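What's in query_8.pdb: PDB, C-alpha atoms
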```
ATOM      1  CA  MET A   1     -41.332   7.139 -18.347  1.00  0.00           C
ATOM      2  CA  SER A   2     -38.758   7.257 -21.072  1.00  0.00           C
ATOM      3  CA  VAL A   3     -36.562   4.379 -22.157  1.00  0.00           C
ATOM      4  CA  SER A   4     -33.358   6.167 -21.101  1.00  0.00           C
ATOM      5  CA  PHE A   5     -34.747   6.685 -17.587  1.00  0.00           C
ATOM      6  CA  LEU A   6     -35.455   2.938 -17.308  1.00  0.00           C
ATOM      7  CA  ASN A   7     -31.968   2.105 -18.611  1.00  0.00           C
ATOM      8  CA  LYS A   8     -30.396   4.390 -15.987  1.00  0.00           C
ATOM      9  CA  ARG A   9     -32.540   2.819 -13.297  1.00  0.00           C
ATOM     10  CA  VAL A  10     -31.544  -0.724 -14.315  1.00  0.00           C
ATOM     11  CA  LEU A  11     -27.898   0.345 -14.502  1.00  0.00           C
ATOM     12  CA  LEU A  12     -28.087   1.843 -10.994  1.00  0.00           C
ATOM     13  CA  TRP A  13     -29.666  -1.354  -9.630  1.00  0.00           C
ATOM     14  CA  LEU A  14     -26.955  -3.458 -11.267  1.00  0.00           C
ATOM     15  CA  LEU A  15     -24.224  -1.182  -9.933  1.00  0.00           C
ATOM     16  CA  GLY A  16     -25.755  -1.309  -6.456  1.00  0.00           C
ATOM     17  CA  GLY A  17     -25.906  -5.099  -6.657  1.00  0.00           C
ATOM     18  CA  VAL A  18     -22.243  -5.339  -7.645  1.00  0.00           C
ATOM     19  CA  VAL A  19     -21.214  -3.026  -4.778  1.00  0.00           C
ATOM     20  CA  ALA A  20     -23.335  -5.006  -2.305  1.00  0.00           C
ATOM     21  CA  LEU A  21     -21.841  -8.297  -3.544  1.00  0.00           C
ATOM     22  CA  ALA A  22     -18.293  -6.917  -3.226  1.00  0.00           C
ATOM     23  CA  ALA A  23     -19.047  -5.735   0.333  1.00  0.00           C
ATOM     24  CA  LEU A  24     -20.490  -9.153   1.217  1.00  0.00           C
ATOM     25  CA  ILE A  25     -17.393 -10.934  -0.137  1.00  0.00           C
ATOM     26  CA  LEU A  26     -15.124  -8.555   1.818  1.00  0.00           C
ATOM     27  CA  VAL A  27     -17.023  -9.214   5.064  1.00  0.00           C
ATOM     28  CA  ALA A  28     -16.895 -12.975   4.458  1.00  0.00           C
ATOM     29  CA  LEU A  29     -13.143 -12.792   3.860  1.00  0.00           C
ATOM     30  CA  MET A  30     -12.648 -10.761   7.027  1.00  0.00           C
ATOM     31  CA  ILE A  31     -14.460 -13.477   8.995  1.00  0.00           C
ATOM     32  CA  LEU A  32     -13.050 -16.599   7.303  1.00  0.00           C
ATOM     33  CA  VAL A  33      -9.415 -15.668   6.595  1.00  0.00           C
ATOM     34  CA  PRO A  34      -8.383 -15.221  10.261  1.00  0.00           C
ATOM     35  CA  ARG A  35      -9.795 -18.658  11.075  1.00  0.00           C
ATOM     36  CA  PHE A  36      -7.847 -20.209   8.221  1.00  0.00           C
ATOM     37  CA  ILE A  37      -4.512 -18.493   8.866  1.00  0.00           C
ATOM     38  CA  ASN A  38      -4.602 -19.292  12.577  1.00  0.00           C
ATOM     39  CA  SER A  39      -5.237 -22.988  12.006  1.00  0.00           C
ATOM     40  CA  VAL A  40      -2.512 -25.217  13.432  1.00  0.00           C
ATOM     41  CA  GLU A  41      -1.704 -26.785  10.050  1.00  0.00           C
ATOM     42  CA  PHE A  42      -1.347 -23.432   8.293  1.00  0.00           C
ATOM     43  CA  LYS A  43       0.885 -22.028  11.051  1.00  0.00           C
ATOM     44  CA  LYS A  44       3.113 -25.126  10.858  1.00  0.00           C
ATOM     45  CA  ARG A  45       3.434 -24.794   7.079  1.00  0.00           C
ATOM     46  CA  ILE A  46       4.364 -21.108   7.314  1.00  0.00           C
ATOM     47  CA  ALA A  47       6.871 -21.684  10.135  1.00  0.00           C
ATOM     48  CA  THR A  48       8.465 -24.603   8.284  1.00  0.00           C
ATOM     49  CA  ARG A  49       8.798 -22.698   5.019  1.00  0.00           C
ATOM     50  CA  VAL A  50      10.235 -19.557   6.629  1.00  0.00           C
ATOM     51  CA  SER A  51      12.585 -21.652   8.799  1.00  0.00           C
ATOM     52  CA  GLU A  52      13.911 -23.459   5.719  1.00  0.00           C
ATOM     53  CA  GLN A  53      14.457 -20.211   3.811  1.00  0.00           C
ATOM     54  CA  MET A  54      16.240 -18.549   6.740  1.00  0.00           C
ATOM     55  CA  GLY A  55      18.283 -21.596   7.726  1.00  0.00           C
ATOM     56  CA  GLY A  56      17.054 -21.660  11.313  1.00  0.00           C
ATOM     57  CA  GLN A  57      14.017 -22.210  13.533  1.00  0.00           C
ATOM     58  CA  ILE A  58      11.091 -19.749  13.482  1.00  0.00           C
ATOM     59  CA  THR A  59       8.044 -19.993  15.772  1.00  0.00           C
ATOM     60  CA  PHE A  60       5.048 -17.742  16.452  1.00  0.00           C
ATOM     61  CA  GLU A  61       1.749 -17.781  18.350  1.00  0.00           C
ATOM     62  CA  ALA A  62      -0.691 -16.212  15.890  1.00  0.00           C
ATOM     63  CA  ILE A  63      -1.041 -14.546  12.508  1.00  0.00           C
ATOM     64  CA  ASP A  64      -3.645 -11.850  11.884  1.00  0.00           C
ATOM     65  CA  LEU A  65      -4.583 -10.294   8.564  1.00  0.00           C
ATOM     66  CA  SER A  66      -5.510  -6.634   8.721  1.00  0.00           C
ATOM     67  CA  LEU A  67      -7.078  -4.740   5.838  1.00  0.00           C
ATOM     68  CA  PHE A  68      -7.196  -1.305   7.441  1.00  0.00           C
ATOM     69  CA  PRO A  69      -5.624   1.208   7.218  1.00  0.00           C
ATOM     70  CA  LEU A  70      -3.348  -0.720   4.825  1.00  0.00           C
ATOM     71  CA  LEU A  71      -3.197  -4.394   3.944  1.00  0.00           C
ATOM     72  CA  HIS A  72      -0.747  -6.088   6.315  1.00  0.00           C
ATOM     73  CA  VAL A  73      -0.053  -9.235   8.299  1.00  0.00           C
ATOM     74  CA  VAL A  74       0.577  -9.168  12.054  1.00  0.00           C
ATOM     75  CA  ILE A  75       2.659 -12.001  13.466  1.00  0.00           C
ATOM     76  CA  ARG A  76       2.402 -12.222  17.261  1.00  0.00           C
ATOM     77  CA  GLU A  77       4.914 -13.617  19.788  1.00  0.00           C
ATOM     78  CA  ALA A  78       7.507 -14.621  17.198  1.00  0.00           C
ATOM     79  CA  SER A  79      10.921 -16.043  17.979  1.00  0.00           C
ATOM     80  CA  ASP A  80      13.815 -17.125  15.825  1.00  0.00           C
ATOM     81  CA  SER A  81      17.047 -19.034  16.172  1.00  0.00           C
ATOM     82  CA  ILE A  82      19.594 -19.142  13.375  1.00  0.00           C
ATOM     83  CA  PRO A  83      22.630 -21.126  14.563  1.00  0.00           C
ATOM     84  CA  ALA A  84      25.828 -19.087  14.959  1.00  0.00           C
ATOM     85  CA  LYS A  85      24.046 -15.927  13.767  1.00  0.00           C
ATOM     86  CA  VAL A  86      21.024 -14.740  15.744  1.00  0.00           C
ATOM     87  CA  ASP A  87      18.547 -15.630  18.501  1.00  0.00           C
ATOM     88  CA  GLY A  88      15.645 -13.430  19.386  1.00  0.00           C
ATOM     89  CA  LYS A  89      12.002 -12.717  19.868  1.00  0.00           C
ATOM     90  CA  VAL A  90       9.545  -9.980  19.068  1.00  0.00           C
ATOM     91  CA  GLU A  91       6.158  -9.156  20.593  1.00  0.00           C
ATOM     92  CA  SER A  92       4.609  -8.438  17.207  1.00  0.00           C
ATOM     93  CA  LEU A  93       5.814  -8.090  13.657  1.00  0.00           C
ATOM     94  CA  HIS A  94       3.767  -6.041  11.170  1.00  0.00           C
ATOM     95  CA  VAL A  95       4.546  -6.840   7.522  1.00  0.00           C
ATOM     96  CA  TYR A  96       3.076  -4.499   4.912  1.00  0.00           C
ATOM     97  CA  SER A  97       2.809  -5.593   1.290  1.00  0.00           C
ATOM     98  CA  GLU A  98       2.358  -3.705  -1.942  1.00  0.00           C
ATOM     99  CA  ILE A  99      -1.128  -4.420  -3.286  1.00  0.00           C
ATOM    100  CA  LEU A 100      -0.625  -4.553  -7.070  1.00  0.00           C
ATOM    101  CA  PRO A 101       1.953  -7.400  -7.034  1.00  0.00           C
ATOM    102  CA  LEU A 102      -0.469  -9.439  -4.868  1.00  0.00           C
ATOM    103  CA  LEU A 103      -2.964  -9.396  -7.743  1.00  0.00           C
ATOM    104  CA  THR A 104      -0.436 -11.324  -9.844  1.00  0.00           C
ATOM    105  CA  GLY A 105       0.419 -13.760  -7.043  1.00  0.00           C
ATOM    106  CA  ARG A 106       3.698 -12.137  -5.968  1.00  0.00           C
ATOM    107  CA  VAL A 107       4.441 -10.778  -2.505  1.00  0.00           C
ATOM    108  CA  ARG A 108       6.501  -7.597  -2.390  1.00  0.00           C
ATOM    109  CA  VAL A 109       7.137  -6.373   1.155  1.00  0.00           C
ATOM    110  CA  SER A 110       7.012  -2.592   1.423  1.00  0.00           C
ATOM    111  CA  LYS A 111       7.500  -2.099   5.173  1.00  0.00           C
ATOM    112  CA  VAL A 112       8.214  -4.130   8.318  1.00  0.00           C
ATOM    113  CA  HIS A 113       7.521  -2.834  11.838  1.00  0.00           C
ATOM    114  CA  LEU A 114       8.772  -4.648  14.975  1.00  0.00           C
ATOM    115  CA  ASN A 115       7.227  -4.154  18.430  1.00  0.00           C
ATOM    116  CA  ALA A 116       9.448  -4.944  21.448  1.00  0.00           C
ATOM    117  CA  PRO A 117      12.309  -6.679  19.611  1.00  0.00           C
ATOM    118  CA  ASP A 118      14.926  -8.547  21.664  1.00  0.00           C
ATOM    119  CA  PHE A 119      17.720 -10.035  19.529  1.00  0.00           C
ATOM    120  CA  ASP A 120      21.208 -11.377  20.194  1.00  0.00           C
ATOM    121  CA  LEU A 121      23.443 -11.134  17.116  1.00  0.00           C
ATOM    122  CA  ARG A 122      26.685 -13.062  16.875  1.00  0.00           C
ATOM    123  CA  LEU A 123      29.224 -11.333  14.660  1.00  0.00           C
ATOM    124  CA  PRO A 124      32.255 -13.183  13.277  1.00  0.00           C
ATOM    125  CA  PRO A 125      35.684 -12.034  14.502  1.00  0.00           C
ATOM    126  CA  GLN A 126      37.093  -9.194  12.407  1.00  0.00           C
ATOM    127  CA  ASP A 127      40.126 -11.199  11.271  1.00  0.00           C
ATOM    128  CA  GLU A 128      37.848 -13.951   9.856  1.00  0.00           C
ATOM    129  CA  LYS A 129      37.221 -13.586   6.113  1.00  0.00           C
ATOM    130  CA  ARG A 130      33.669 -13.390   4.911  1.00  0.00           C
TER     131      ARG A 130
END
```

Can you present the structure in this file as structure tokens?
Amino acid sequence: MSVSFLNKRVLLWLLGGVVALAALILVALMILVPRFINSVEFKKRIATRVSEQMGGQITFEAIDLSLFPLLHVVIREASDSIPAKVDGKVESLHVYSEILPLLTGRVRVSKVHLNAPDFDLRLPPQDEKR
């Protein structure tokens, strides 16, 4: 056996180990993240923060993280109430994010998909200035 053959063999073992470790971490995240994001405390924190930013009341039953086919969050049985503006509910809300900004800690929404939306919008009278 030559030295270069041994170096290639060691390199292949190391590469295989890195791939196996990455797969193991991905599987662990797929198991642990849904448990964390559906905890009561986490859901309360998310609902409170979104409610404050929107100036109303937001509630939902569950949040699911999906990695396939694209990274996205599914919010189930959501409802909102923004006084004098909107009341409504949606069966599920799929929020897709761009991946590269997530690596720097920023969330950039690329697409939102609503299933079974039911909203009541209150528009101001036309003679009222905006």

Quick one: which residues end up in the PyMOL selection byres ((chain A and resi 119) around 8) for this structure, as a PDB file with C-alpha atoms, keeping the file's coordinate frame?
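Written out: out.pdb:
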```pdb
ATOM      1  CA  VAL A  86      21.024 -14.740  15.744  1.00  0.00           C
ATOM      2  CA  ASP A  87      18.547 -15.630  18.501  1.00  0.00           C
ATOM      3  CA  GLY A  88      15.645 -13.430  19.386  1.00  0.00           C
ATOM      4  CA  LYS A  89      12.002 -12.717  19.868  1.00  0.00           C
ATOM      5  CA  PRO A 117      12.309  -6.679  19.611  1.00  0.00           C
ATOM      6  CA  ASP A 118      14.926  -8.547  21.664  1.00  0.00           C
ATOM      7  CA  ASP A 120      21.208 -11.377  20.194  1.00  0.00           C
ATOM      8  CA  LEU A 121      23.443 -11.134  17.116  1.00  0.00           C
TER       9      LEU A 121
END
```

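Across the model, the gap from CA of Ser81 in chain A to CA of Ala47 in chain A is 12.1 Å.
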
Lys44 in chain A surroundings by only C-alpha atoms, 12 Å radius, close-in-sequence under 4 positions cut, as a VMD selection string = chain A and resid 37 to 40 48 to 51 57 to 63

inquiry  = Quick one: residues within 8 Å of Leu71 in chain A, only C-alpha atoms, excluding same-chain residues fewer than 5 positions away - as a list of chain:residue names?
reply    = A:Leu65, A:Ser66, A:Tyr96, A:Ser97, A:Ile99

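One finds CA of Leu93 in chain A at 8.3 Å from CA of Glu77 in chain A.
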
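Among the candidates A:Gly56, A:Glu98, A:Ile82, A:Val90, the one nearest to Leu70 in chain A when counting all atoms listed in the file is A:Glu98.
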
request  = For Val109 in chain A, please output as a count of residues only all residues within 12 Å (counting all atoms listed in the file; exclusion window: fewer than 2 positions along the same chain).
outcome  = 17

query = So how far away is CA of Phe42 in chain A from CA of Ser110 in chain A, in Å?
reply = 23.5 Å

inquiry  = Every residue with an atom at most 7 Å from (5.4, -9.6, 17.6) (file coordinates; all atoms listed in the file) is what I'm after, so could you write them as JSON, numbers by chain?
reply    = {"A": [75, 76, 77, 78, 90, 91, 92, 93, 114, 115]}

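Among the candidates A:Ile46, A:Leu123, A:Val10, A:Leu103, the one nearest to Ala84 in chain A when counting all atoms listed in the file is A:Leu123.
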
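Distance annotation: of A:Leu67, A:Val74, A:Thr104, A:Pro125, the residue with the minimal separation from Ile31 in chain A is A:Leu67; atom set is all atoms listed in the file.
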
With 8 Å on each side, where is the centre of the axis-aligned box around all listed atoms of range 19-25 of chain A, and how long are its edges in Å to one decimal, as AutoDock Vina command-line options?
```
--center_x -20.4 --center_y -7.0 --center_z -1.8 --size_x 21.9 --size_y 23.9 --size_z 22.0
```

Please, could N, CA, C and O atoms be added to range 108-127 of chain A and the result written as a compact mmCIF listing (two decimals), in the coordinates of the input?
```txt
# COMPACT_ATOMS: atom_id res chain seq x y z
N ARG A 108 5.42 -8.58 -2.44
CA ARG A 108 6.50 -7.60 -2.39
C ARG A 108 6.33 -6.80 -1.10
O ARG A 108 5.40 -6.02 -0.97
N VAL A 109 7.22 -7.04 -0.15
CA VAL A 109 7.14 -6.37 1.16
C VAL A 109 7.55 -4.92 1.00
O VAL A 109 8.60 -4.62 0.43
N SER A 110 6.71 -4.02 1.52
CA SER A 110 7.01 -2.59 1.42
C SER A 110 7.50 -2.01 2.75
O SER A 110 8.23 -1.03 2.76
N LYS A 111 7.10 -2.62 3.87
CA LYS A 111 7.50 -2.10 5.17
C LYS A 111 7.35 -3.19 6.22
O LYS A 111 6.43 -4.00 6.16
N VAL A 112 8.27 -3.20 7.20
CA VAL A 112 8.21 -4.13 8.32
C VAL A 112 8.36 -3.31 9.59
O VAL A 112 9.24 -2.46 9.69
N HIS A 113 7.48 -3.56 10.56
CA HIS A 113 7.52 -2.83 11.84
C HIS A 113 7.58 -3.86 12.96
O HIS A 113 6.75 -4.76 13.05
N LEU A 114 8.59 -3.74 13.85
CA LEU A 114 8.77 -4.65 14.98
C LEU A 114 8.35 -3.96 16.26
O LEU A 114 8.75 -2.83 16.51
N ASN A 115 7.58 -4.64 17.10
CA ASN A 115 7.23 -4.15 18.43
C ASN A 115 7.97 -4.98 19.47
O ASN A 115 7.87 -6.20 19.48
N ALA A 116 8.70 -4.32 20.35
CA ALA A 116 9.45 -4.94 21.45
C ALA A 116 10.41 -6.03 20.96
O ALA A 116 10.35 -7.17 21.41
N PRO A 117 11.33 -5.68 20.06
CA PRO A 117 12.31 -6.68 19.61
C PRO A 117 13.38 -6.92 20.67
O PRO A 117 13.77 -6.03 21.40
N ASP A 118 13.85 -8.16 20.75
CA ASP A 118 14.93 -8.55 21.66
C ASP A 118 15.77 -9.60 20.95
O ASP A 118 15.42 -10.78 20.92
N PHE A 119 16.88 -9.16 20.34
CA PHE A 119 17.72 -10.04 19.53
C PHE A 119 19.15 -10.06 20.04
O PHE A 119 19.67 -9.05 20.51
N ASP A 120 19.78 -11.21 19.93
CA ASP A 120 21.21 -11.38 20.19
C ASP A 120 21.87 -11.76 18.88
O ASP A 120 21.59 -12.84 18.33
N LEU A 121 22.73 -10.88 18.36
CA LEU A 121 23.44 -11.13 17.12
C LEU A 121 24.86 -11.58 17.42
O LEU A 121 25.53 -11.01 18.28
N ARG A 122 25.32 -12.60 16.73
CA ARG A 122 26.68 -13.06 16.88
C ARG A 122 27.46 -12.69 15.62
O ARG A 122 27.17 -13.19 14.53
N LEU A 123 28.41 -11.78 15.78
CA LEU A 123 29.22 -11.33 14.66
C LEU A 123 30.51 -12.14 14.61
O LEU A 123 31.09 -12.47 15.64
N PRO A 124 30.99 -12.44 13.39
CA PRO A 124 32.26 -13.18 13.28
C PRO A 124 33.41 -12.27 13.70
O PRO A 124 33.31 -11.05 13.60
N PRO A 125 34.51 -12.85 14.17
CA PRO A 125 35.68 -12.03 14.50
C PRO A 125 36.14 -11.24 13.28
O PRO A 125 35.99 -11.69 12.14
N GLN A 126 36.71 -10.07 13.52
CA GLN A 126 37.09 -9.19 12.41
C GLN A 126 38.18 -9.80 11.53
O GLN A 126 38.25 -9.52 10.34
N ASP A 127 39.06 -10.62 12.08
CA ASP A 127 40.13 -11.20 11.27
C ASP A 127 39.63 -12.36 10.41
O ASP A 127 40.31 -12.79 9.49
```
